$ cat work13.tsv   # TSV, N, CA and C atoms
chain	number	residue	atom	x	y	z
W	1	MET	N	0.82	-1.19	0.00
W	1	MET	CA	0.00	0.00	0.00
W	1	MET	C	0.87	1.26	0.00
W	2	HIS	N	1.98	1.21	0.71
W	2	HIS	CA	2.85	2.38	0.77
W	2	HIS	C	3.42	2.72	-0.60
W	3	ALA	N	3.73	1.72	-1.39
W	3	ALA	CA	4.28	1.97	-2.73
W	3	ALA	C	3.23	2.62	-3.63
W	4	ARG	N	1.97	2.24	-3.47
W	4	ARG	CA	0.91	2.86	-4.26
W	4	ARG	C	0.73	4.33	-3.88
W	5	THR	N	0.82	4.61	-2.59
W	5	THR	CA	0.69	6.00	-2.14
W	5	THR	C	1.84	6.84	-2.67
W	6	ARG	N	3.03	6.28	-2.66
W	6	ARG	CA	4.19	6.99	-3.19
W	6	ARG	C	4.05	7.24	-4.69
W	7	ALA	N	3.55	6.24	-5.42
W	7	ALA	CA	3.36	6.40	-6.86
W	7	ALA	C	2.29	7.44	-7.15
W	8	LEU	N	1.22	7.45	-6.38
W	8	LEU	CA	0.17	8.45	-6.54
W	8	LEU	C	0.71	9.85	-6.27
W	9	PHE	N	1.50	10.00	-5.21
W	9	PHE	CA	2.11	11.28	-4.89
W	9	PHE	C	3.08	11.71	-5.99
W	10	ARG	N	3.88	10.78	-6.48
W	10	ARG	CA	4.86	11.09	-7.52
W	10	ARG	C	4.18	11.54	-8.81
W	11	LEU	N	3.11	10.86	-9.19
W	11	LEU	CA	2.42	11.22	-10.42
W	11	LEU	C	1.67	12.55	-10.29
W	12	THR	N	1.19	12.86	-9.08
W	12	THR	CA	0.39	14.06	-8.91
W	12	THR	C	1.23	15.29	-8.63
W	13	PHE	N	2.29	15.18	-7.82
W	13	PHE	CA	3.03	16.36	-7.39
W	13	PHE	C	4.48	16.40	-7.89
W	14	ALA	N	5.16	15.28	-7.93
W	14	ALA	CA	6.60	15.27	-8.19
W	14	ALA	C	6.94	15.21	-9.67
W	15	ASN	N	5.98	14.99	-10.50
W	15	ASN	CA	6.21	14.96	-11.94
W	15	ASN	C	6.34	16.40	-12.44
W	16	PRO	N	7.32	16.71	-13.30
W	16	PRO	CA	7.49	18.08	-13.75
W	16	PRO	C	6.26	18.66	-14.45
W	17	VAL	N	5.59	17.86	-15.26
W	17	VAL	CA	4.41	18.34	-15.97
W	17	VAL	C	3.30	18.69	-14.97
W	18	SER	N	3.08	17.82	-14.00
W	18	SER	CA	2.05	18.07	-12.99
W	18	SER	C	2.41	19.26	-12.12
W	19	ALA	N	3.68	19.40	-11.79
W	19	ALA	CA	4.11	20.52	-10.94
W	19	ALA	C	3.90	21.85	-11.65
W	20	VAL	N	4.19	21.91	-12.93
W	20	VAL	CA	3.98	23.15	-13.69
W	20	VAL	C	2.49	23.46	-13.76
W	21	TYR	N	1.67	22.45	-14.02
W	21	TYR	CA	0.21	22.65	-14.07
W	21	TYR	C	-0.32	23.16	-12.74
W	22	LEU	N	0.08	22.53	-11.64
W	22	LEU	CA	-0.38	22.97	-10.32
W	22	LEU	C	0.14	24.37	-10.00
W	23	GLY	N	1.33	24.70	-10.46
W	23	GLY	CA	1.86	26.05	-10.28
W	23	GLY	C	1.04	27.09	-11.02
W	24	ILE	N	0.63	26.78	-12.23
W	24	ILE	CA	-0.20	27.71	-13.01
W	24	ILE	C	-1.56	27.90	-12.34
W	25	VAL	N	-2.17	26.80	-11.89
W	25	VAL	CA	-3.46	26.90	-11.19
W	25	VAL	C	-3.29	27.69	-9.90
W	26	GLY	N	-2.23	27.42	-9.15
W	26	GLY	CA	-1.98	28.15	-7.90
W	26	GLY	C	-1.76	29.63	-8.14
W	27	ALA	N	-1.05	29.97	-9.20
W	27	ALA	CA	-0.82	31.38	-9.53
W	27	ALA	C	-2.12	32.08	-9.90
W	28	SER	N	-3.00	31.37	-10.61
W	28	SER	CA	-4.28	31.99	-10.97
W	28	SER	C	-5.16	32.19	-9.74
W	29	VAL	N	-5.11	31.25	-8.81
W	29	VAL	CA	-5.87	31.41	-7.56
W	29	VAL	C	-5.30	32.56	-6.74
W	30	LEU	N	-3.99	32.64	-6.65
W	30	LEU	CA	-3.35	33.73	-5.91
W	30	LEU	C	-3.68	35.09	-6.52
W	31	SER	N	-3.64	35.19	-7.83
W	31	SER	CA	-3.98	36.46	-8.47
W	31	SER	C	-5.44	36.80	-8.25
W	32	GLU	N	-6.32	35.81	-8.25
W	32	GLU	CA	-7.73	36.06	-7.97
W	32	GLU	C	-7.92	36.60	-6.55
W	33	VAL	N	-7.24	36.00	-5.59
W	33	VAL	CA	-7.34	36.44	-4.21
W	33	VAL	C	-6.81	37.87	-4.05
W	34	LEU	N	-5.68	38.17	-4.67
W	34	LEU	CA	-5.10	39.51	-4.57
W	34	LEU	C	-6.00	40.57	-5.22
W	35	VAL	N	-6.52	40.26	-6.39
W	35	VAL	CA	-7.38	41.22	-7.06
W	35	VAL	C	-8.68	41.42	-6.28
W	36	ALA	N	-9.25	40.34	-5.75
W	36	ALA	CA	-10.48	40.46	-4.98
W	36	ALA	C	-10.25	41.20	-3.66
W	37	THR	N	-9.07	41.09	-3.10
W	37	THR	CA	-8.77	41.77	-1.84
W	37	THR	C	-8.53	43.26	-2.05
W	38	PHE	N	-7.83	43.63	-3.11
W	38	PHE	CA	-7.42	45.02	-3.28
W	38	PHE	C	-8.18	45.78	-4.36
W	39	GLY	N	-9.15	45.17	-5.00
W	39	GLY	CA	-9.88	45.89	-6.04
W	39	GLY	C	-11.11	45.13	-6.50
W	40	ASP	N	-11.62	45.54	-7.62
W	40	ASP	CA	-12.79	44.89	-8.20
W	40	ASP	C	-12.36	43.68	-9.01
W	41	PRO	N	-12.79	42.47	-8.62
W	41	PRO	CA	-12.31	41.26	-9.29
W	41	PRO	C	-12.80	41.13	-10.73
W	42	GLY	N	-13.97	41.64	-11.04
W	42	GLY	CA	-14.49	41.51	-12.40
W	42	GLY	C	-14.60	40.05	-12.81
W	43	ILE	N	-13.93	39.70	-13.88
W	43	ILE	CA	-14.03	38.35	-14.42
W	43	ILE	C	-12.79	37.51	-14.11
W	44	VAL	N	-11.91	38.00	-13.24
W	44	VAL	CA	-10.66	37.30	-12.92
W	44	VAL	C	-10.95	35.93	-12.31
W	45	GLY	N	-12.04	35.78	-11.57
W	45	GLY	CA	-12.35	34.53	-10.89
W	45	GLY	C	-12.65	33.36	-11.79
W	46	ILE	N	-12.82	33.60	-13.08
W	46	ILE	CA	-13.14	32.51	-13.99
W	46	ILE	C	-11.90	31.68	-14.36
W	47	TRP	N	-10.69	32.26	-14.23
W	47	TRP	CA	-9.49	31.55	-14.69
W	47	TRP	C	-9.20	30.26	-13.93
W	48	PRO	N	-9.26	30.22	-12.60
W	48	PRO	CA	-9.03	28.94	-11.94
W	48	PRO	C	-10.07	27.89	-12.35
W	49	PHE	N	-11.29	28.34	-12.55
W	49	PHE	CA	-12.35	27.42	-12.95
W	49	PHE	C	-12.09	26.86	-14.35
W	50	LEU	N	-11.67	27.72	-15.27
W	50	LEU	CA	-11.39	27.26	-16.63
W	50	LEU	C	-10.12	26.42	-16.72
W	51	LEU	N	-9.11	26.74	-15.90
W	51	LEU	CA	-7.88	25.95	-15.93
W	51	LEU	C	-8.08	24.54	-15.40
W	52	THR	N	-9.08	24.35	-14.55
W	52	THR	CA	-9.33	23.02	-14.00
W	52	THR	C	-10.49	22.31	-14.68
W	53	ALA	N	-11.06	22.92	-15.71
W	53	ALA	CA	-12.13	22.28	-16.47
W	53	ALA	C	-11.55	21.11	-17.25
W	54	PRO	N	-12.20	20.06	-17.47
W	54	PRO	CA	-13.60	19.72	-17.27
W	54	PRO	C	-13.91	19.11	-15.90
W	55	ALA	N	-12.88	18.81	-15.12
W	55	ALA	CA	-13.14	18.16	-13.82
W	55	ALA	C	-13.92	19.09	-12.89
W	56	SER	N	-13.57	20.38	-12.86
W	56	SER	CA	-14.30	21.30	-11.99
W	56	SER	C	-15.74	21.47	-12.45
W	57	LEU	N	-15.99	21.39	-13.74
W	57	LEU	CA	-17.36	21.45	-14.24
W	57	LEU	C	-18.17	20.25	-13.76
W	58	LEU	N	-17.56	19.08	-13.79
W	58	LEU	CA	-18.26	17.88	-13.32
W	58	LEU	C	-18.57	17.97	-11.83
W	59	PHE	N	-17.61	18.44	-11.03
W	59	PHE	CA	-17.85	18.59	-9.59
W	59	PHE	C	-18.95	19.61	-9.31
W	60	THR	N	-18.98	20.70	-10.07
W	60	THR	CA	-20.01	21.71	-9.87
W	60	THR	C	-21.39	21.18	-10.27
W	61	MET	N	-21.47	20.45	-11.38
W	61	MET	CA	-22.75	19.86	-11.78
W	61	MET	C	-23.24	18.87	-10.74
W	62	LEU	N	-22.33	18.12	-10.14
W	62	LEU	CA	-22.70	17.19	-9.09
W	62	LEU	C	-23.25	17.95	-7.88
W	63	GLY	N	-22.65	19.07	-7.53
W	63	GLY	CA	-23.12	19.88	-6.41
W	63	GLY	C	-24.49	20.46	-6.66
W	64	VAL	N	-24.74	20.89	-7.89
W	64	VAL	CA	-26.07	21.41	-8.23
W	64	VAL	C	-27.10	20.31	-8.12
W	65	ASP	N	-26.76	19.09	-8.55
W	65	ASP	CA	-27.69	17.97	-8.43
W	65	ASP	C	-27.94	17.59	-6.98
W	66	VAL	N	-26.90	17.62	-6.15
W	66	VAL	CA	-27.05	17.23	-4.75
W	66	VAL	C	-27.91	18.22	-3.99
W	67	TRP	N	-27.63	19.52	-4.16
W	67	TRP	CA	-28.37	20.52	-3.40
W	67	TRP	C	-29.70	20.89	-4.05
W	68	GLY	N	-29.89	20.54	-5.31
W	68	GLY	CA	-31.16	20.78	-5.98
W	68	GLY	C	-31.44	22.25	-6.27
W	69	THR	N	-30.43	23.06	-6.27
W	69	THR	CA	-30.61	24.47	-6.60
W	69	THR	C	-29.92	24.76	-7.91
W	70	THR	N	-30.10	25.97	-8.40
W	70	THR	CA	-29.43	26.32	-9.66
W	70	THR	C	-28.02	26.82	-9.43
W	71	GLU	N	-27.66	27.09	-8.17
W	71	GLU	CA	-26.32	27.56	-7.85
W	71	GLU	C	-25.69	26.69	-6.77
W	72	ALA	N	-24.45	26.35	-6.95
W	72	ALA	CA	-23.71	25.64	-5.90
W	72	ALA	C	-23.05	26.69	-5.00
W	73	SER	N	-22.78	26.31	-3.75
W	73	SER	CA	-22.17	27.27	-2.83
W	73	SER	C	-20.73	27.57	-3.25
W	74	TYR	N	-20.22	28.72	-2.81
W	74	TYR	CA	-18.85	29.10	-3.15
W	74	TYR	C	-17.83	28.12	-2.59
W	75	TRP	N	-18.11	27.60	-1.41
W	75	TRP	CA	-17.18	26.64	-0.82
W	75	TRP	C	-17.12	25.36	-1.63
W	76	TYR	N	-18.27	24.93	-2.15
W	76	TYR	CA	-18.29	23.72	-2.95
W	76	TYR	C	-17.57	23.94	-4.28
W	77	VAL	N	-17.75	25.10	-4.89
W	77	VAL	CA	-17.06	25.40	-6.15
W	77	VAL	C	-15.55	25.46	-5.91
W	78	THR	N	-15.14	26.06	-4.79
W	78	THR	CA	-13.72	26.12	-4.45
W	78	THR	C	-13.14	24.73	-4.24
W	79	ALA	N	-13.88	23.88	-3.53
W	79	ALA	CA	-13.43	22.49	-3.34
W	79	ALA	C	-13.40	21.75	-4.67
W	80	GLY	N	-14.34	22.05	-5.55
W	80	GLY	CA	-14.35	21.44	-6.88
W	80	GLY	C	-13.16	21.85	-7.72
W	81	ILE	N	-12.75	23.11	-7.59
W	81	ILE	CA	-11.56	23.58	-8.31
W	81	ILE	C	-10.32	22.88	-7.78
W	82	ALA	N	-10.22	22.76	-6.45
W	82	ALA	CA	-9.05	22.08	-5.86
W	82	ALA	C	-9.03	20.60	-6.26
W	83	ALA	N	-10.17	19.94	-6.16
W	83	ALA	CA	-10.23	18.52	-6.53
W	83	ALA	C	-9.97	18.33	-8.02
W	84	GLY	N	-10.52	19.22	-8.84
W	84	GLY	CA	-10.29	19.14	-10.27
W	84	GLY	C	-8.83	19.32	-10.63
W	85	ALA	N	-8.15	20.25	-9.94
W	85	ALA	CA	-6.72	20.46	-10.19
W	85	ALA	C	-5.92	19.22	-9.82
W	86	LEU	N	-6.26	18.59	-8.69
W	86	LEU	CA	-5.52	17.38	-8.28
W	86	LEU	C	-5.78	16.21	-9.22
W	87	VAL	N	-7.01	16.04	-9.64
W	87	VAL	CA	-7.34	14.94	-10.56
W	87	VAL	C	-6.61	15.14	-11.88
W	88	GLN	N	-6.65	16.36	-12.39
W	88	GLN	CA	-6.00	16.61	-13.68
W	88	GLN	C	-4.49	16.59	-13.58
W	89	ALA	N	-3.93	16.96	-12.44
W	89	ALA	CA	-2.49	16.84	-12.26
W	89	ALA	C	-2.07	15.38	-12.28
W	90	PHE	N	-2.88	14.52	-11.65
W	90	PHE	CA	-2.60	13.08	-11.68
W	90	PHE	C	-2.66	12.54	-13.10
W	91	VAL	N	-3.70	12.94	-13.84
W	91	VAL	CA	-3.85	12.46	-15.22
W	91	VAL	C	-2.69	12.95	-16.09
W	92	LEU	N	-2.30	14.21	-15.93
W	92	LEU	CA	-1.15	14.72	-16.69
W	92	LEU	C	0.13	13.98	-16.32
W	93	GLY	N	0.32	13.69	-15.04
W	93	GLY	CA	1.50	12.95	-14.61
W	93	GLY	C	1.52	11.54	-15.17
W	94	ALA	N	0.37	10.87	-15.15
W	94	ALA	CA	0.30	9.51	-15.70
W	94	ALA	C	0.53	9.52	-17.20
W	95	LEU	N	-0.02	10.51	-17.89
W	95	LEU	CA	0.19	10.62	-19.33
W	95	LEU	C	1.66	10.90	-19.65
W	96	ALA	N	2.29	11.77	-18.89
W	96	ALA	CA	3.70	12.08	-19.11
W	96	ALA	C	4.58	10.85	-18.86
W	97	GLU	N	4.28	10.09	-17.81
W	97	GLU	CA	5.04	8.87	-17.53
W	97	GLU	C	4.86	7.83	-18.64
W	98	THR	N	3.63	7.71	-19.14
W	98	THR	CA	3.37	6.76	-20.23
W	98	THR	C	4.13	7.15	-21.49
W	99	LEU	N	4.06	8.41	-21.83
W	99	LEU	CA	4.78	8.86	-23.03
W	99	LEU	C	6.29	8.75	-22.85
W	100	ARG	N	6.78	9.05	-21.67
W	100	ARG	CA	8.21	8.94	-21.39
W	100	ARG	C	8.66	7.47	-21.50
W	101	GLY	N	7.85	6.55	-21.03
W	101	GLY	CA	8.17	5.13	-21.14
W	101	GLY	C	8.18	4.66	-22.57
W	102	ARG	N	7.24	5.14	-23.37
W	102	ARG	CA	7.21	4.78	-24.78
W	102	ARG	C	8.42	5.33	-25.52
W	103	LEU	N	8.82	6.55	-25.17
W	103	LEU	CA	10.00	7.13	-25.82
W	103	LEU	C	11.26	6.37	-25.45
W	104	ARG	N	11.35	5.91	-24.20
W	104	ARG	CA	12.53	5.12	-23.80
W	104	ARG	C	12.58	3.81	-24.55
W	105	ARG	N	11.44	3.14	-24.67
W	105	ARG	CA	11.42	1.86	-25.41
W	105	ARG	C	11.76	2.05	-26.87
W	106	THR	N	11.31	3.14	-27.47
W	106	THR	CA	11.61	3.41	-28.87
W	106	THR	C	13.09	3.73	-29.04
W	107	ALA	N	13.68	4.43	-28.11
W	107	ALA	CA	15.09	4.80	-28.20
W	107	ALA	C	16.02	3.62	-28.03
W	108	THR	N	15.62	2.60	-27.29
W	108	THR	CA	16.47	1.44	-27.04
W	108	THR	C	16.40	0.42	-28.17
W	109	ARG	N	15.51	0.57	-29.10
W	109	ARG	CA	15.39	-0.40	-30.20
W	109	ARG	C	16.44	-0.24	-31.22

$ encode --input "work13.tsv" --output "structure tokens"
Amino acid sequence: MHARTRALFRLTFANPVSAVYLGIVGASVLSEVLVATFGDPGIVGIWPFLLTAPASLLFTMLGVDVWGTTEASYWYVTAGIAAGALVQAFVLGALAETLRGRLRRTATR
């Protein structure tokens, strides 16, 4: 079980592709917080949501279905953005590892 946890952590956080993606999402969240704190946010808040789409869209649709309203709460949308970023970072890491493995096999032939 420990090896699986390590592999999950490595694919989600320690992979360069995943780390860059999480850095971009984190920077967009930080800029949203700064703009909302010191001025009028306008449409800045859409960037973290769009960067984590389609996973954040699925989490938000699930929240709308669960609560039965037309709007999900801000906390649920924020949690959906965080969960979407982690899911997509894992998928990017797994894809990068798969492609890297294929390139190694092709190079050794």

$ residues_near_point --input "work13.tsv" --point "(-15.9, 25.8, -4.0)" --cutoff "12 Å" --atoms "only C-alpha atoms" --output "PyMOL selection string"
chain W and resi 45+48-49+56-57+59-61+63-64+71-84

$ atom_distance --input "work13.tsv" --atom1 "CA of Ala27 (chain W)" --atom2 "atom N of Thr98 (chain W)"
25.9 Å

$ select_by_dssp --input "work13.tsv" --residues "chain W" --states "helix (DSSP H, G or I)" --output "PyMOL selection string"
chain W and resi 2-14+16-38+46-51+55-67+74-108

$ closest_residue --input "work13.tsv" --among "W:Phe9, W:Trp67, W:Phe90, W:Trp47" --to "Ser28 (chain W)" --atoms "all atoms listed in the file"
W:Trp47

$ closest_residue --input "work13.tsv" --among "W:Ala85, W:Val17, W:Ile24, W:Val35" --to "Glu97 (chain W)" --atoms "only C-alpha atoms"
W:Val17

$ closest_residue --input "work13.tsv" --among "W:Thr52, W:Thr5, W:Thr12, W:Ser31" --to "Leu92 (chain W)" --atoms "all atoms listed in the file"
W:Thr12

$ atom_distance --input "work13.tsv" --atom1 "atom C of Gly101 (chain W)" --atom2 "atom C of Val25 (chain W)"
28.7 Å

$ atom_distance --input "work13.tsv" --atom1 "atom C of Arg6 (chain W)" --atom2 "CA of Leu30 (chain W)"
27.5 Å

$ closest_residue --input "work13.tsv" --among "W:Leu8, W:Gly68, W:Gln88, W:Pro16" --to "Ala53 (chain W)" --atoms "all atoms listed in the file"
W:Gln88

$ axis_aligned_box --input "work13.tsv" --around "region 90-104 of chain W" --padding-each-side "5 Å" --output "AutoDock Vina command-line options"
--center_x 4.4 --center_y 9.3 --center_z -18.7 --size_x 26.4 --size_y 20.9 --size_z 24.2

$ closest_residue --input "work13.tsv" --among "W:Glu32, W:Leu99, W:Val66, W:Ala55" --to "Val87 (chain W)" --atoms "only C-alpha atoms"
W:Ala55

$ decode --input "work13.tsv" --residues "region 52-67 of chain W" --atoms "N, CA, C and O atoms" --output "mmCIF file, in the first residue's frame"
data_model
loop_
_atom_site.group_PDB
_atom_site.id
_atom_site.type_symbol
_atom_site.label_atom_id
_atom_site.label_comp_id
_atom_site.auth_asym_id
_atom_site.auth_seq_id
_atom_site.Cartn_x
_atom_site.Cartn_y
_atom_site.Cartn_z
ATOM 1 N N THR W 52 -9.078 24.347 -14.555
ATOM 2 C CA THR W 52 -9.326 23.017 -14.000
ATOM 3 C C THR W 52 -10.494 22.309 -14.679
ATOM 4 O O THR W 52 -10.882 21.223 -14.254
ATOM 5 N N ALA W 53 -11.059 22.925 -15.715
ATOM 6 C CA ALA W 53 -12.132 22.279 -16.467
ATOM 7 C C ALA W 53 -11.547 21.114 -17.248
ATOM 8 O O ALA W 53 -10.386 21.165 -17.638
ATOM 9 N N PRO W 54 -12.203 20.062 -17.474
ATOM 10 C CA PRO W 54 -13.599 19.718 -17.271
ATOM 11 C C PRO W 54 -13.910 19.112 -15.896
ATOM 12 O O PRO W 54 -15.068 18.956 -15.543
ATOM 13 N N ALA W 55 -12.882 18.806 -15.116
ATOM 14 C CA ALA W 55 -13.144 18.163 -13.821
ATOM 15 C C ALA W 55 -13.919 19.093 -12.888
ATOM 16 O O ALA W 55 -14.859 18.659 -12.209
ATOM 17 N N SER W 56 -13.571 20.378 -12.859
ATOM 18 C CA SER W 56 -14.298 21.300 -11.986
ATOM 19 C C SER W 56 -15.738 21.468 -12.445
ATOM 20 O O SER W 56 -16.643 21.648 -11.625
ATOM 21 N N LEU W 57 -15.986 21.387 -13.740
ATOM 22 C CA LEU W 57 -17.358 21.452 -14.242
ATOM 23 C C LEU W 57 -18.172 20.253 -13.763
ATOM 24 O O LEU W 57 -19.337 20.393 -13.383
ATOM 25 N N LEU W 58 -17.560 19.082 -13.786
ATOM 26 C CA LEU W 58 -18.262 17.882 -13.316
ATOM 27 C C LEU W 58 -18.569 17.970 -11.829
ATOM 28 O O LEU W 58 -19.672 17.613 -11.395
ATOM 29 N N PHE W 59 -17.614 18.442 -11.026
ATOM 30 C CA PHE W 59 -17.851 18.587 -9.592
ATOM 31 C C PHE W 59 -18.952 19.609 -9.312
ATOM 32 O O PHE W 59 -19.781 19.423 -8.429
ATOM 33 N N THR W 60 -18.984 20.698 -10.066
ATOM 34 C CA THR W 60 -20.013 21.714 -9.873
ATOM 35 C C THR W 60 -21.387 21.183 -10.274
ATOM 36 O O THR W 60 -22.376 21.429 -9.577
ATOM 37 N N MET W 61 -21.468 20.449 -11.380
ATOM 38 C CA MET W 61 -22.752 19.863 -11.776
ATOM 39 C C MET W 61 -23.237 18.871 -10.736
ATOM 40 O O MET W 61 -24.427 18.797 -10.445
ATOM 41 N N LEU W 62 -22.325 18.118 -10.144
ATOM 42 C CA LEU W 62 -22.698 17.194 -9.087
ATOM 43 C C LEU W 62 -23.252 17.949 -7.883
ATOM 44 O O LEU W 62 -24.249 17.546 -7.291
ATOM 45 N N GLY W 63 -22.647 19.072 -7.529
ATOM 46 C CA GLY W 63 -23.122 19.883 -6.413
ATOM 47 C C GLY W 63 -24.494 20.463 -6.664
ATOM 48 O O GLY W 63 -25.336 20.517 -5.763
ATOM 49 N N VAL W 64 -24.743 20.889 -7.892
ATOM 50 C CA VAL W 64 -26.065 21.414 -8.234
ATOM 51 C C VAL W 64 -27.101 20.306 -8.121
ATOM 52 O O VAL W 64 -28.205 20.526 -7.615
ATOM 53 N N ASP W 65 -26.758 19.095 -8.553
ATOM 54 C CA ASP W 65 -27.691 17.973 -8.432
ATOM 55 C C ASP W 65 -27.941 17.587 -6.982
ATOM 56 O O ASP W 65 -29.056 17.251 -6.607
ATOM 57 N N VAL W 66 -26.902 17.625 -6.154
ATOM 58 C CA VAL W 66 -27.047 17.226 -4.752
ATOM 59 C C VAL W 66 -27.908 18.220 -3.988
ATOM 60 O O VAL W 66 -28.807 17.837 -3.252
ATOM 61 N N TRP W 67 -27.633 19.520 -4.157
ATOM 62 C CA TRP W 67 -28.374 20.525 -3.404
ATOM 63 C C TRP W 67 -29.703 20.889 -4.050
ATOM 64 O O TRP W 67 -30.545 21.511 -3.425
#
